>>> print(open('work26.txt').read())   # compact mmCIF, C-alpha atoms
# COMPACT_ATOMS: atom_id res chain seq x y z
CA MET Q 25 -9.48 -8.75 -23.99
CA GLU Q 26 -5.92 -8.93 -22.69
CA ILE Q 27 -5.70 -8.71 -18.91
CA GLY Q 28 -3.99 -5.53 -17.74
CA LYS Q 29 -5.04 -3.54 -20.81
CA SER Q 30 -7.74 -0.92 -20.64
CA VAL Q 31 -10.18 -0.37 -23.45
CA PRO Q 32 -11.19 3.22 -24.25
CA ARG Q 33 -14.92 3.69 -24.22
CA THR Q 34 -17.33 6.60 -23.95
CA PHE Q 35 -18.84 6.37 -20.49
CA LEU Q 36 -21.45 8.99 -19.77
CA ASN Q 37 -24.18 6.87 -19.34
CA ARG Q 38 -29.04 -3.17 -6.09
CA ARG Q 39 -31.23 -3.96 -4.27
CA HIS Q 40 -29.54 -5.22 -1.24
CA PHE Q 41 -32.13 -7.88 -0.57
CA ALA Q 42 -31.37 -8.13 3.12
CA PHE Q 43 -30.61 -4.50 3.88
CA ALA Q 44 -33.72 -3.32 2.04
CA MET Q 45 -35.91 -5.32 4.36
CA VAL Q 46 -34.09 -4.60 7.55
CA ALA Q 47 -33.80 1.16 7.76
CA GLY Q 48 -30.52 6.16 7.92
CA GLY Q 49 -25.54 11.23 11.97
CA VAL Q 50 -25.30 13.83 13.39
CA THR Q 51 -24.51 16.75 11.24
CA ILE Q 52 -27.12 17.88 8.75
CA ALA Q 53 -25.57 18.44 5.35
CA ARG Q 54 -25.42 22.11 4.48
CA LYS Q 55 -27.45 23.18 1.49
CA ILE Q 56 -25.39 22.74 -1.63
CA SER Q 57 -25.87 25.82 -3.75
CA ALA Q 58 -23.50 25.03 -6.60
CA LYS Q 59 -25.46 24.58 -9.82
CA PRO Q 60 -24.75 21.11 -11.26
CA VAL Q 61 -22.99 21.07 -14.61
CA PRO Q 62 -24.78 18.95 -17.25
CA VAL Q 63 -22.90 15.71 -17.77
CA SER Q 64 -22.81 16.35 -21.50
CA ASP Q 65 -20.79 19.52 -20.86
CA LEU Q 66 -18.07 17.82 -18.81
CA HIS Q 67 -14.73 17.45 -20.60
CA ILE Q 68 -13.85 13.93 -19.60
CA GLU Q 69 -12.26 10.77 -20.93
CA SER Q 70 -13.45 7.30 -19.96
CA GLU Q 71 -12.21 3.74 -20.14
CA ILE Q 72 -12.88 0.25 -18.91
CA GLY Q 73 -10.35 -2.46 -18.27
CA TYR Q 74 -9.02 -5.39 -16.27
CA HIS Q 75 -5.97 -5.93 -14.11
CA ARG Q 76 -4.66 -9.01 -12.36
CA CYS Q 77 -4.86 -9.18 -8.56
CA ARG Q 78 -4.55 -11.90 -5.94
CA THR Q 79 -8.10 -13.15 -6.61
CA GLY Q 80 -7.87 -13.12 -10.41
CA ALA Q 81 -8.94 -10.48 -12.91
CA VAL Q 82 -10.52 -7.30 -11.52
CA HIS Q 83 -12.78 -5.25 -13.77
CA PHE Q 84 -12.96 -1.47 -13.44
CA ARG Q 85 -14.49 1.62 -15.01
CA SER Q 86 -12.78 4.98 -14.82
CA VAL Q 87 -13.29 8.59 -15.80
CA ARG Q 88 -10.68 11.32 -15.86
CA PRO Q 89 -10.59 14.98 -16.93
CA ALA Q 90 -9.34 15.65 -20.44
CA VAL Q 91 -6.60 17.77 -18.87
CA ASP Q 92 -4.78 16.34 -15.83
CA SER Q 93 -5.60 18.28 -12.66
CA CYS Q 94 -2.98 16.53 -10.45
CA LYS Q 95 -5.69 15.91 -7.84
CA THR Q 96 -5.67 12.69 -5.80
CA PRO Q 97 -7.50 9.87 -7.62
CA LEU Q 98 -10.68 8.50 -6.05
CA LEU Q 99 -11.43 4.75 -5.86
CA CYS Q 100 -15.14 3.90 -5.47
CA LEU Q 101 -16.23 0.54 -4.04
CA HIS Q 102 -19.79 -0.74 -4.48
CA ALA Q 103 -22.16 -2.43 -2.06
CA SER Q 104 -22.76 -6.19 -2.23
CA PRO Q 105 -24.26 -7.66 -4.22
CA GLY Q 106 -23.79 -5.24 -7.09
CA SER Q 107 -21.06 -3.82 -9.26
CA SER Q 108 -19.34 -0.66 -10.39
CA ARG Q 109 -22.50 0.09 -12.38
CA ALA Q 110 -23.80 1.64 -9.13
CA TYR Q 111 -21.56 4.63 -9.91
CA THR Q 112 -22.68 5.18 -13.51
CA ASN Q 113 -24.01 8.68 -12.79
CA PHE Q 114 -21.45 9.56 -10.15
CA LEU Q 115 -18.27 8.74 -12.10
CA PRO Q 116 -18.50 11.54 -14.68
CA ARG Q 117 -19.34 14.02 -11.92
CA MET Q 118 -16.25 13.24 -9.85
CA GLY Q 119 -14.15 12.41 -12.88
CA SER Q 120 -14.50 15.93 -14.23
CA ASP Q 121 -11.48 17.07 -12.21
CA ARG Q 122 -9.67 13.89 -11.02
CA LEU Q 123 -9.18 10.28 -12.02
CA THR Q 124 -12.18 8.43 -10.55
CA ILE Q 125 -12.26 4.63 -10.60
CA ALA Q 126 -15.10 2.24 -9.78
CA ALA Q 127 -14.00 -1.37 -9.38
CA ASP Q 128 -16.00 -4.59 -9.35
CA THR Q 129 -14.93 -6.31 -6.15
CA PRO Q 130 -13.90 -9.99 -6.46
CA GLY Q 131 -16.88 -12.19 -7.29
CA TYR Q 132 -19.10 -9.33 -8.41
CA GLY Q 133 -19.77 -7.57 -11.70
CA LEU Q 134 -17.24 -8.71 -14.28
CA SER Q 135 -14.44 -9.49 -11.81
CA ASP Q 136 -13.37 -13.09 -11.29
CA ARG Q 137 -14.95 -14.96 -8.41
CA PRO Q 138 -12.36 -16.37 -5.97
CA SER Q 139 -12.27 -20.14 -5.59
CA GLU Q 140 -13.17 -19.78 -1.93
CA GLN Q 141 -15.28 -17.32 0.04
CA SER Q 142 -13.25 -14.20 0.76
CA GLY Q 143 -13.01 -12.03 3.86
CA ILE Q 144 -12.85 -8.25 4.00
CA ALA Q 145 -9.06 -8.46 4.22
CA ASP Q 146 -9.07 -10.31 0.90
CA PHE Q 147 -11.34 -7.74 -0.76
CA ALA Q 148 -9.14 -4.91 0.51
CA GLY Q 149 -5.96 -6.68 -0.58
CA ALA Q 150 -7.34 -7.14 -4.09
CA MET Q 151 -8.19 -3.45 -4.33
CA GLY Q 152 -4.69 -2.59 -3.18
CA ASP Q 153 -3.35 -4.84 -5.95
CA LEU Q 154 -5.50 -2.96 -8.45
CA MET Q 155 -4.11 0.38 -7.34
CA ASP Q 156 -0.57 -0.97 -7.66
CA ALA Q 157 -1.34 -2.28 -11.15
CA MET Q 158 -2.58 1.20 -12.09
CA ASN Q 159 0.63 2.71 -10.66
CA LEU Q 160 -1.23 4.91 -8.18
CA GLN Q 161 0.83 6.05 -5.20
CA LYS Q 162 -1.91 7.90 -3.30
CA ILE Q 163 -5.71 7.62 -3.45
CA ASP Q 164 -8.88 8.72 -1.73
CA LEU Q 165 -11.47 6.03 -0.99
CA LEU Q 166 -15.25 5.79 -1.21
CA GLY Q 167 -16.99 2.75 0.27
CA SER Q 168 -20.73 2.05 0.30
CA HIS Q 169 -22.64 -0.23 2.70
CA THR Q 170 -20.69 -3.54 2.77
CA SER Q 171 -17.71 -1.96 1.03
CA SER Q 172 -17.44 0.60 3.82
CA ALA Q 173 -15.69 -2.23 5.64
CA THR Q 174 -13.40 -2.83 2.65
CA ALA Q 175 -12.49 0.87 2.51
CA VAL Q 176 -11.60 0.99 6.21
CA GLU Q 177 -9.60 -2.24 5.95
CA LEU Q 178 -7.68 -1.04 2.89
CA ALA Q 179 -6.70 2.09 4.83
CA ARG Q 180 -5.47 -0.15 7.67
CA GLN Q 181 -3.50 -2.40 5.31
CA ARG Q 182 -2.09 0.41 3.21
CA PRO Q 183 -2.04 3.58 5.36
CA ASP Q 184 0.48 5.29 3.09
CA LEU Q 185 -1.64 4.62 0.00
CA VAL Q 186 -4.89 6.06 1.36
CA ARG Q 187 -5.26 9.79 2.01
CA LYS Q 188 -8.94 10.38 2.88
CA ILE Q 189 -11.99 8.13 3.26
CA VAL Q 190 -15.66 8.65 2.43
CA LEU Q 191 -18.17 6.08 3.67
CA ASN Q 192 -21.77 5.81 2.55
CA SER Q 193 -23.21 4.30 5.75
CA ALA Q 194 -21.45 2.45 8.57
CA LEU Q 195 -21.92 -1.19 9.56
CA LEU Q 196 -22.42 -0.68 13.28
CA PHE Q 197 -24.94 -3.36 14.27
CA THR Q 198 -26.00 -4.57 17.66
CA PRO Q 199 -25.70 -8.36 18.09
CA GLU Q 200 -29.49 -8.63 17.77
CA GLU Q 201 -29.57 -6.58 14.56
CA LEU Q 202 -26.76 -8.60 13.06
CA ALA Q 203 -28.53 -11.87 13.87
CA ASP Q 204 -31.70 -10.63 12.15
CA ILE Q 205 -29.81 -9.52 9.05
CA ARG Q 206 -27.91 -12.81 8.83
CA ALA Q 207 -31.25 -14.61 8.98
CA ASP Q 208 -32.69 -12.40 6.22
CA VAL Q 209 -29.69 -13.09 4.00
CA ALA Q 210 -29.97 -16.83 4.63
CA ARG Q 211 -33.67 -16.82 3.74
CA SER Q 212 -33.03 -14.95 0.49
CA GLN Q 213 -30.26 -17.33 -0.64
CA ALA Q 214 -31.45 -19.63 -3.43
CA SER Q 215 -30.82 -23.35 -2.91
CA SER Q 216 -30.11 -23.95 -6.61
CA LEU Q 217 -29.95 -22.13 -9.92
CA GLU Q 218 -33.37 -23.50 -10.78
CA ALA Q 219 -34.76 -22.09 -7.54
CA ALA Q 220 -33.04 -18.77 -8.28
CA ALA Q 221 -34.72 -18.67 -11.70
CA ASP Q 222 -38.11 -19.31 -10.10
CA GLN Q 223 -37.55 -16.37 -7.74
CA VAL Q 224 -36.76 -13.85 -10.49
CA PRO Q 225 -40.32 -12.51 -11.12
CA GLU Q 226 -41.01 -11.79 -7.45
CA ARG Q 227 -37.51 -10.43 -6.83
CA TRP Q 228 -37.87 -8.13 -9.80
CA ARG Q 229 -41.23 -6.79 -8.57
CA ARG Q 230 -39.78 -6.09 -5.13
CA PHE Q 231 -36.61 -4.53 -6.53
CA ARG Q 232 -38.57 -2.29 -8.87
CA LYS Q 233 -40.74 -1.07 -6.00
CA TYR Q 234 -37.74 -0.48 -3.74
CA ARG Q 235 -35.71 1.34 -6.42
CA SER Q 236 -38.49 3.54 -7.71
CA ASP Q 237 -35.90 6.31 -8.15
CA LEU Q 238 -34.54 4.51 -11.22
CA SER Q 239 -36.02 4.43 -14.70
CA GLU Q 240 -37.30 1.02 -15.74
CA GLU Q 241 -34.28 0.44 -17.98
CA GLN Q 242 -31.81 1.48 -15.26
CA ALA Q 243 -33.61 -0.69 -12.69
CA TRP Q 244 -33.47 -3.70 -15.00
CA LEU Q 245 -29.72 -3.30 -15.55
CA PHE Q 246 -29.05 -2.85 -11.83
CA PHE Q 247 -31.31 -5.79 -10.97
CA TRP Q 248 -29.30 -8.16 -13.12
CA GLU Q 249 -26.05 -6.91 -11.67
CA THR Q 250 -27.26 -7.95 -8.23
CA ASN Q 251 -28.41 -11.34 -9.54
CA ARG Q 252 -25.52 -12.14 -11.86
CA ASP Q 253 -24.29 -15.00 -9.62
CA PRO Q 254 -27.20 -15.96 -7.34
CA MET Q 255 -25.43 -18.90 -5.70
CA HIS Q 256 -22.62 -16.69 -4.40
CA GLN Q 257 -24.19 -13.24 -4.09
CA SER Q 258 -24.17 -13.40 -0.27
CA TRP Q 259 -20.37 -13.74 -0.02
CA GLY Q 260 -19.94 -9.98 0.33
CA TYR Q 261 -22.51 -9.84 3.11
CA ALA Q 262 -20.84 -12.70 4.97
CA ALA Q 263 -17.44 -11.02 4.74
CA ALA Q 264 -18.81 -7.72 6.06
CA PHE Q 265 -20.76 -9.37 8.88
CA ASP Q 266 -17.66 -11.24 10.05
CA TYR Q 267 -15.54 -8.08 10.07
CA ASN Q 268 -15.13 -6.12 13.31
CA PHE Q 269 -16.13 -2.81 11.78
CA ALA Q 270 -16.51 -0.93 15.07
CA GLU Q 271 -12.98 -1.80 16.18
CA ALA Q 272 -11.48 -0.95 12.79
CA LEU Q 273 -13.33 2.37 12.60
CA ALA Q 274 -12.20 3.37 16.09
CA GLN Q 275 -8.58 2.67 15.15
CA THR Q 276 -8.61 4.58 11.85
CA ASN Q 277 -6.87 7.95 11.90
CA HIS Q 278 -7.44 8.95 8.27
CA PRO Q 279 -9.71 11.99 7.71
CA MET Q 280 -13.19 10.58 7.18
CA LEU Q 281 -16.57 11.75 5.94
CA ILE Q 282 -19.47 9.41 6.70
CA LEU Q 283 -22.63 9.96 4.65
CA ASN Q 284 -25.85 8.91 6.35
CA PRO Q 285 -28.83 8.87 3.96
CA ASP Q 286 -32.23 8.12 5.44
CA ASP Q 287 -32.12 4.46 4.39
CA VAL Q 288 -32.01 1.08 6.12
CA LEU Q 289 -28.64 1.81 7.74
CA PHE Q 290 -29.50 5.27 9.12
CA PRO Q 291 -29.70 4.29 12.82
CA MET Q 292 -26.60 2.10 12.57
CA THR Q 293 -24.55 4.78 10.83
CA LYS Q 294 -25.59 7.36 13.41
CA ARG Q 295 -23.56 5.41 15.99
CA ALA Q 296 -20.35 6.25 14.16
CA ARG Q 297 -20.22 9.69 15.79
CA ASP Q 298 -19.02 8.04 19.01
CA LEU Q 299 -16.28 6.05 17.26
CA VAL Q 300 -14.82 8.04 14.39
CA ARG Q 301 -11.53 9.64 15.42
CA ASN Q 302 -10.92 12.15 12.67
CA GLY Q 303 -14.13 12.86 10.85
CA LYS Q 304 -17.84 13.55 10.93
CA VAL Q 305 -21.20 12.01 10.13
CA VAL Q 306 -23.45 13.95 7.76
CA ASN Q 307 -27.17 13.19 7.60
CA LEU Q 308 -28.70 13.27 4.14
CA PRO Q 309 -32.47 13.67 3.62
CA TRP Q 310 -33.09 11.09 0.88
CA LYS Q 311 -33.77 7.35 1.18
CA MET Q 312 -32.14 6.18 -2.04
CA GLY Q 313 -30.36 7.36 -5.17
CA THR Q 314 -27.31 8.77 -3.39
CA PHE Q 315 -25.04 8.05 -6.36
CA GLY Q 316 -27.82 8.19 -8.93
CA THR Q 317 -30.55 10.80 -8.62
CA HIS Q 318 -28.48 12.83 -6.14
CA SER Q 319 -25.07 12.24 -7.71
CA ALA Q 320 -24.44 15.90 -8.54
CA LYS Q 321 -25.16 17.03 -4.96
CA VAL Q 322 -23.12 14.21 -3.44
CA ALA Q 323 -20.21 14.89 -5.76
CA THR Q 324 -20.16 18.51 -4.57
CA LEU Q 325 -20.27 17.39 -0.92
CA ILE Q 326 -17.49 14.82 -1.37
CA ARG Q 327 -15.33 17.17 -3.44
CA ASP Q 328 -15.57 19.81 -0.70
CA PHE Q 329 -14.35 17.25 1.86
CA LEU Q 330 -11.51 15.96 -0.29
CA GLU Q 331 -10.20 19.42 -1.11
CA ASN Q 332 -10.43 21.07 2.31
>>> encode(input="work26.txt", output="structure tokens")
Amino acid sequence: MEIGKSVPRTFLNRRHFAFAMVAGGVTIARKISAKPVPVSDLHIESEIGYHRCRTGAVHFRSVRPAVDSCKTPLLCLHASPGSSRAYTNFLPRMGSDRLTIAADTPGYGLSDRPSEQSGIADFAGAMGDLMDAMNLQKIDLLGSHTSSATAVELARQRPDLVRKIVLNSALLFTPEELADIRADVARSQASSLEAAADQVPERWRRFRKYRSDLSEEQAWLFFWETNRDPMHQSWGYAAAFDYNFAEALAQTNHPMLILNPDDVLFPMTKRARDLVRNGKVVNLPWKMGTFGTHSAKVATLIRDFLEN
């Protein structure tokens, strides 16, 4: 495939090993009464492609309405380790009335892995390069778990590019919590590819139990996305843990919606209410499946924020 060219494709159809073992505002989300539209009834067009950025080739998936709505495009960034596959169910929901893009951050999914470990500034810079390559002048941003840091940093680097920000959880750890999570990540890191292969059966059993919201086939696909590069899968964690998220969040003036599902980051995300300048934290009642099982509800919630 030629870099910079997108390939049309019908697109209708992670365990975070450390975060899953470590738990999930302030405002309770109002009941969403809008009846979800079946995905099969959405008039959308989809494509996949690659573009060059500072870290190499970046892979993306996108969905757009068959008729241009002129609404601000939405860029979705996945948690680490993982890939844009995390937004498989969500993309057609949001893409029904605006261009919605899910990118594989450098070193994950089908994007090139940088030659050296990257920081959050590097991840954000690469995503800015992608937006430039797609000729987008203004975007909204969605970050999840580790990529919440990337979303905030991209808004800091490119304030004129970013309009509004949605975060799925906030990385607001105490020093003690951060030390525990770093230790969990270090323990889960395989020492060799052979060791990683030996760990697959047990990792799969634990992942399947943790992501019981997914069908077996979906869980298997997601599992392999998180284990595609076992010797480097912790790079995204390391970048997020080294980033001063609290300071960056407190300095961000962009309108912001912070989703707080009842998962491993619930208590950490709750702290954002004291830091966010121009936004709110919304508690969500579920523990998992925010962009899967609950994608229709979340799309309605996010769309309401982006349009009002």
>>> residues_around(input="work26.txt", residues="range 299-309 of chain Q", least_positions_apart="5", cutoff="12 Å", atoms="only C-alpha atoms", output="VMD selection string")
chain Q and resid 48 to 56 176 188 to 196 269 to 287 289 to 294 314 318 321 to 322 325 to 326 329 to 330
>>> atom_distance(input="work26.txt", atom1="CA of Arg187 in chain Q", atom2="CA of Ile144 in chain Q")
19.7 Å
>>> closest_atom_pairs(input="work26.txt", of="range 147-213 of chain Q", to="range 79-100 of chain Q", cutoff="6 Å", atoms="all atoms listed in the file", output="Markdown table")
| residue | atom | partner | partner_atom | distance |
| --- | --- | --- | --- | --- |
| Q:Ile163 | CA | Q:Pro97 | CA | 5.1 |
| Q:Asp164 | CA | Q:Leu98 | CA | 4.7 |
| Q:Leu165 | CA | Q:Leu99 | CA | 5.0 |
| Q:Leu166 | CA | Q:Cys100 | CA | 4.7 |
>>> atom_distance(input="work26.txt", atom1="CA of His67 in chain Q", atom2="CA of Glu241 in chain Q")
26.0 Å
>>> atom_distance(input="work26.txt", atom1="CA of His102 in chain Q", atom2="CA of Arg137 in chain Q")
15.5 Å
>>> closest_residue(input="work26.txt", among="Q:Gln161, Q:Ser139, Q:Thr324, Q:Gln257", to="Ser107 in chain Q", atoms="all atoms listed in the file")
Q:Gln257
>>> residues_around(input="work26.txt", residues="Ala220 in chain Q", least_positions_apart="2", cutoff="12 Å", atoms="only C-alpha atoms", output="mmCIF file with C-alpha atoms, in the coordinates of the input")
data_model
loop_
_atom_site.group_PDB
_atom_site.id
_atom_site.type_symbol
_atom_site.label_atom_id
_atom_site.label_comp_id
_atom_site.auth_asym_id
_atom_site.auth_seq_id
_atom_site.Cartn_x
_atom_site.Cartn_y
_atom_site.Cartn_z
ATOM 1 C CA SER Q 212 -33.030 -14.950 0.490
ATOM 2 C CA GLN Q 213 -30.260 -17.330 -0.640
ATOM 3 C CA ALA Q 214 -31.450 -19.630 -3.430
ATOM 4 C CA SER Q 215 -30.820 -23.350 -2.910
ATOM 5 C CA SER Q 216 -30.110 -23.950 -6.610
ATOM 6 C CA LEU Q 217 -29.950 -22.130 -9.920
ATOM 7 C CA GLU Q 218 -33.370 -23.500 -10.780
ATOM 8 C CA ASP Q 222 -38.110 -19.310 -10.100
ATOM 9 C CA GLN Q 223 -37.550 -16.370 -7.740
ATOM 10 C CA VAL Q 224 -36.760 -13.850 -10.490
ATOM 11 C CA PRO Q 225 -40.320 -12.510 -11.120
ATOM 12 C CA GLU Q 226 -41.010 -11.790 -7.450
ATOM 13 C CA ARG Q 227 -37.510 -10.430 -6.830
ATOM 14 C CA TRP Q 228 -37.870 -8.130 -9.800
ATOM 15 C CA ASN Q 251 -28.410 -11.340 -9.540
ATOM 16 C CA ARG Q 252 -25.520 -12.140 -11.860
ATOM 17 C CA ASP Q 253 -24.290 -15.000 -9.620
ATOM 18 C CA PRO Q 254 -27.200 -15.960 -7.340
ATOM 19 C CA MET Q 255 -25.430 -18.900 -5.700
ATOM 20 C CA HIS Q 256 -22.620 -16.690 -4.400
ATOM 21 C CA GLN Q 257 -24.190 -13.240 -4.090
#
>>> axis_aligned_box(input="work26.txt", around="range 238-256 of chain Q", padding_each_side="5 Å", output="lines of an AutoDock Vina configuration file")
center_x = -30.0
center_y = -7.2
center_z = -11.2
size_x = 24.7
size_y = 33.4
size_z = 23.6
>>> closest_residue(input="work26.txt", among="Q:Lys233, Q:His169, Q:Arg182, Q:Arg211", to="Ala148 in chain Q", atoms="only C-alpha atoms")
Q:Arg182
>>> closest_residue(input="work26.txt", among="Q:Met118, Q:Val209, Q:Val288, Q:Ala145", to="Pro130 in chain Q", atoms="only C-alpha atoms")
Q:Ala145
>>> closest_residue(input="work26.txt", among="Q:Ser258, Q:Ser108, Q:Ser239, Q:Gln141", to="Ile125 in chain Q", atoms="only C-alpha atoms")
Q:Ser108
>>> closest_residue(input="work26.txt", among="Q:Gly167, Q:Gly106, Q:Gly119, Q:Pro183", to="Glu69 in chain Q", atoms="all atoms listed in the file")
Q:Gly119
>>> closest_residue(input="work26.txt", among="Q:Ala262, Q:Ala243, Q:Leu115, Q:Ala127", to="Ala207 in chain Q", atoms="only C-alpha atoms")
Q:Ala262
>>> residues_around(input="work26.txt", residues="Glu240 in chain Q", least_positions_apart="6", cutoff="12 Å", atoms="all atoms listed in the file", output="JSON, numbers by chain")
{"Q": [228, 229, 231, 232, 233, 246, 247]}
>>> decode(input="work26.txt", residues="range 266-286 of chain Q", atoms="N, CA, C and O atoms", output="PDB file, in the first residue's frame")
ATOM      1  N   ASP Q 266       5.228   9.526  32.779  1.00  0.00           N
ATOM      2  CA  ASP Q 266       6.242  10.576  32.878  1.00  0.00           C
ATOM      3  C   ASP Q 266       5.678  11.968  32.561  1.00  0.00           C
ATOM      4  O   ASP Q 266       6.382  12.970  32.723  1.00  0.00           O
ATOM      5  N   TYR Q 267       4.432  12.015  32.132  1.00  0.00           N
ATOM      6  CA  TYR Q 267       3.815  13.278  31.725  1.00  0.00           C
ATOM      7  C   TYR Q 267       3.118  13.927  32.920  1.00  0.00           C
ATOM      8  O   TYR Q 267       2.416  13.246  33.676  1.00  0.00           O
ATOM      9  N   ASN Q 268       3.295  15.226  33.081  1.00  0.00           N
ATOM     10  CA  ASN Q 268       2.652  15.929  34.195  1.00  0.00           C
ATOM     11  C   ASN Q 268       1.218  16.270  33.795  1.00  0.00           C
ATOM     12  O   ASN Q 268       0.914  17.388  33.392  1.00  0.00           O
ATOM     13  N   PHE Q 269       0.355  15.271  33.928  1.00  0.00           N
ATOM     14  CA  PHE Q 269      -1.023  15.414  33.470  1.00  0.00           C
ATOM     15  C   PHE Q 269      -1.779  16.467  34.266  1.00  0.00           C
ATOM     16  O   PHE Q 269      -2.544  17.253  33.709  1.00  0.00           O
ATOM     17  N   ALA Q 270      -1.585  16.485  35.568  1.00  0.00           N
ATOM     18  CA  ALA Q 270      -2.309  17.442  36.416  1.00  0.00           C
ATOM     19  C   ALA Q 270      -1.999  18.877  36.011  1.00  0.00           C
ATOM     20  O   ALA Q 270      -2.907  19.714  35.887  1.00  0.00           O
ATOM     21  N   GLU Q 271      -0.735  19.165  35.787  1.00  0.00           N
ATOM     22  CA  GLU Q 271      -0.348  20.522  35.391  1.00  0.00           C
ATOM     23  C   GLU Q 271      -0.925  20.876  34.028  1.00  0.00           C
ATOM     24  O   GLU Q 271      -1.457  21.973  33.827  1.00  0.00           O
ATOM     25  N   ALA Q 272      -0.833  19.942  33.093  1.00  0.00           N
ATOM     26  CA  ALA Q 272      -1.345  20.204  31.741  1.00  0.00           C
ATOM     27  C   ALA Q 272      -2.860  20.406  31.756  1.00  0.00           C
ATOM     28  O   ALA Q 272      -3.383  21.302  31.077  1.00  0.00           O
ATOM     29  N   LEU Q 273      -3.566  19.591  32.529  1.00  0.00           N
ATOM     30  CA  LEU Q 273      -5.023  19.717  32.604  1.00  0.00           C
ATOM     31  C   LEU Q 273      -5.412  21.068  33.180  1.00  0.00           C
ATOM     32  O   LEU Q 273      -6.327  21.736  32.673  1.00  0.00           O
ATOM     33  N   ALA Q 274      -4.714  21.489  34.225  1.00  0.00           N
ATOM     34  CA  ALA Q 274      -5.042  22.760  34.883  1.00  0.00           C
ATOM     35  C   ALA Q 274      -4.783  23.956  33.976  1.00  0.00           C
ATOM     36  O   ALA Q 274      -5.389  25.016  34.160  1.00  0.00           O
ATOM     37  N   GLN Q 275      -3.919  23.789  32.992  1.00  0.00           N
ATOM     38  CA  GLN Q 275      -3.575  24.893  32.100  1.00  0.00           C
ATOM     39  C   GLN Q 275      -4.386  24.904  30.804  1.00  0.00           C
ATOM     40  O   GLN Q 275      -4.253  25.817  29.999  1.00  0.00           O
ATOM     41  N   THR Q 276      -5.227  23.891  30.617  1.00  0.00           N
ATOM     42  CA  THR Q 276      -5.982  23.762  29.368  1.00  0.00           C
ATOM     43  C   THR Q 276      -7.286  24.550  29.440  1.00  0.00           C
ATOM     44  O   THR Q 276      -8.089  24.348  30.354  1.00  0.00           O
ATOM     45  N   ASN Q 277      -7.488  25.419  28.467  1.00  0.00           N
ATOM     46  CA  ASN Q 277      -8.690  26.252  28.444  1.00  0.00           C
ATOM     47  C   ASN Q 277      -9.770  25.738  27.492  1.00  0.00           C
ATOM     48  O   ASN Q 277     -10.883  26.256  27.487  1.00  0.00           O
ATOM     49  N   HIS Q 278      -9.461  24.737  26.691  1.00  0.00           N
ATOM     50  CA  HIS Q 278     -10.441  24.219  25.739  1.00  0.00           C
ATOM     51  C   HIS Q 278     -11.646  23.638  26.483  1.00  0.00           C
ATOM     52  O   HIS Q 278     -11.495  23.042  27.562  1.00  0.00           O
ATOM     53  N   PRO Q 279     -12.852  23.788  25.938  1.00  0.00           N
ATOM     54  CA  PRO Q 279     -14.022  23.120  26.528  1.00  0.00           C
ATOM     55  C   PRO Q 279     -13.762  21.620  26.622  1.00  0.00           C
ATOM     56  O   PRO Q 279     -13.262  21.012  25.668  1.00  0.00           O
ATOM     57  N   MET Q 280     -14.093  21.040  27.778  1.00  0.00           N
ATOM     58  CA  MET Q 280     -13.718  19.645  28.011  1.00  0.00           C
ATOM     59  C   MET Q 280     -14.825  18.867  28.702  1.00  0.00           C
ATOM     60  O   MET Q 280     -15.449  19.348  29.657  1.00  0.00           O
ATOM     61  N   LEU Q 281     -15.062  17.662  28.221  1.00  0.00           N
ATOM     62  CA  LEU Q 281     -15.966  16.705  28.851  1.00  0.00           C
ATOM     63  C   LEU Q 281     -15.128  15.517  29.285  1.00  0.00           C
ATOM     64  O   LEU Q 281     -14.432  14.906  28.463  1.00  0.00           O
ATOM     65  N   ILE Q 282     -15.160  15.188  30.575  1.00  0.00           N
ATOM     66  CA  ILE Q 282     -14.389  14.060  31.091  1.00  0.00           C
ATOM     67  C   ILE Q 282     -15.360  12.961  31.512  1.00  0.00           C
ATOM     68  O   ILE Q 282     -16.158  13.143  32.433  1.00  0.00           O
ATOM     69  N   LEU Q 283     -15.290  11.833  30.824  1.00  0.00           N
ATOM     70  CA  LEU Q 283     -16.131  10.680  31.130  1.00  0.00           C
ATOM     71  C   LEU Q 283     -15.462   9.863  32.232  1.00  0.00           C
ATOM     72  O   LEU Q 283     -14.257   9.625  32.193  1.00  0.00           O
ATOM     73  N   ASN Q 284     -16.256   9.413  33.186  1.00  0.00           N
ATOM     74  CA  ASN Q 284     -15.701   8.688  34.324  1.00  0.00           C
ATOM     75  C   ASN Q 284     -16.474   7.397  34.573  1.00  0.00           C
ATOM     76  O   ASN Q 284     -17.274   7.302  35.498  1.00  0.00           O
ATOM     77  N   PRO Q 285     -16.242   6.366  33.736  1.00  0.00           N
ATOM     78  CA  PRO Q 285     -16.893   5.078  33.982  1.00  0.00           C
ATOM     79  C   PRO Q 285     -16.380   4.458  35.273  1.00  0.00           C
ATOM     80  O   PRO Q 285     -15.304   4.812  35.764  1.00  0.00           O
ATOM     81  N   ASP Q 286     -17.143   3.526  35.798  1.00  0.00           N
ATOM     82  CA  ASP Q 286     -16.830   2.925  37.096  1.00  0.00           C
ATOM     83  C   ASP Q 286     -15.762   1.842  36.934  1.00  0.00           C
ATOM     84  O   ASP Q 286     -15.959   0.678  37.278  1.00  0.00           O
TER      85      ASP Q 286
END
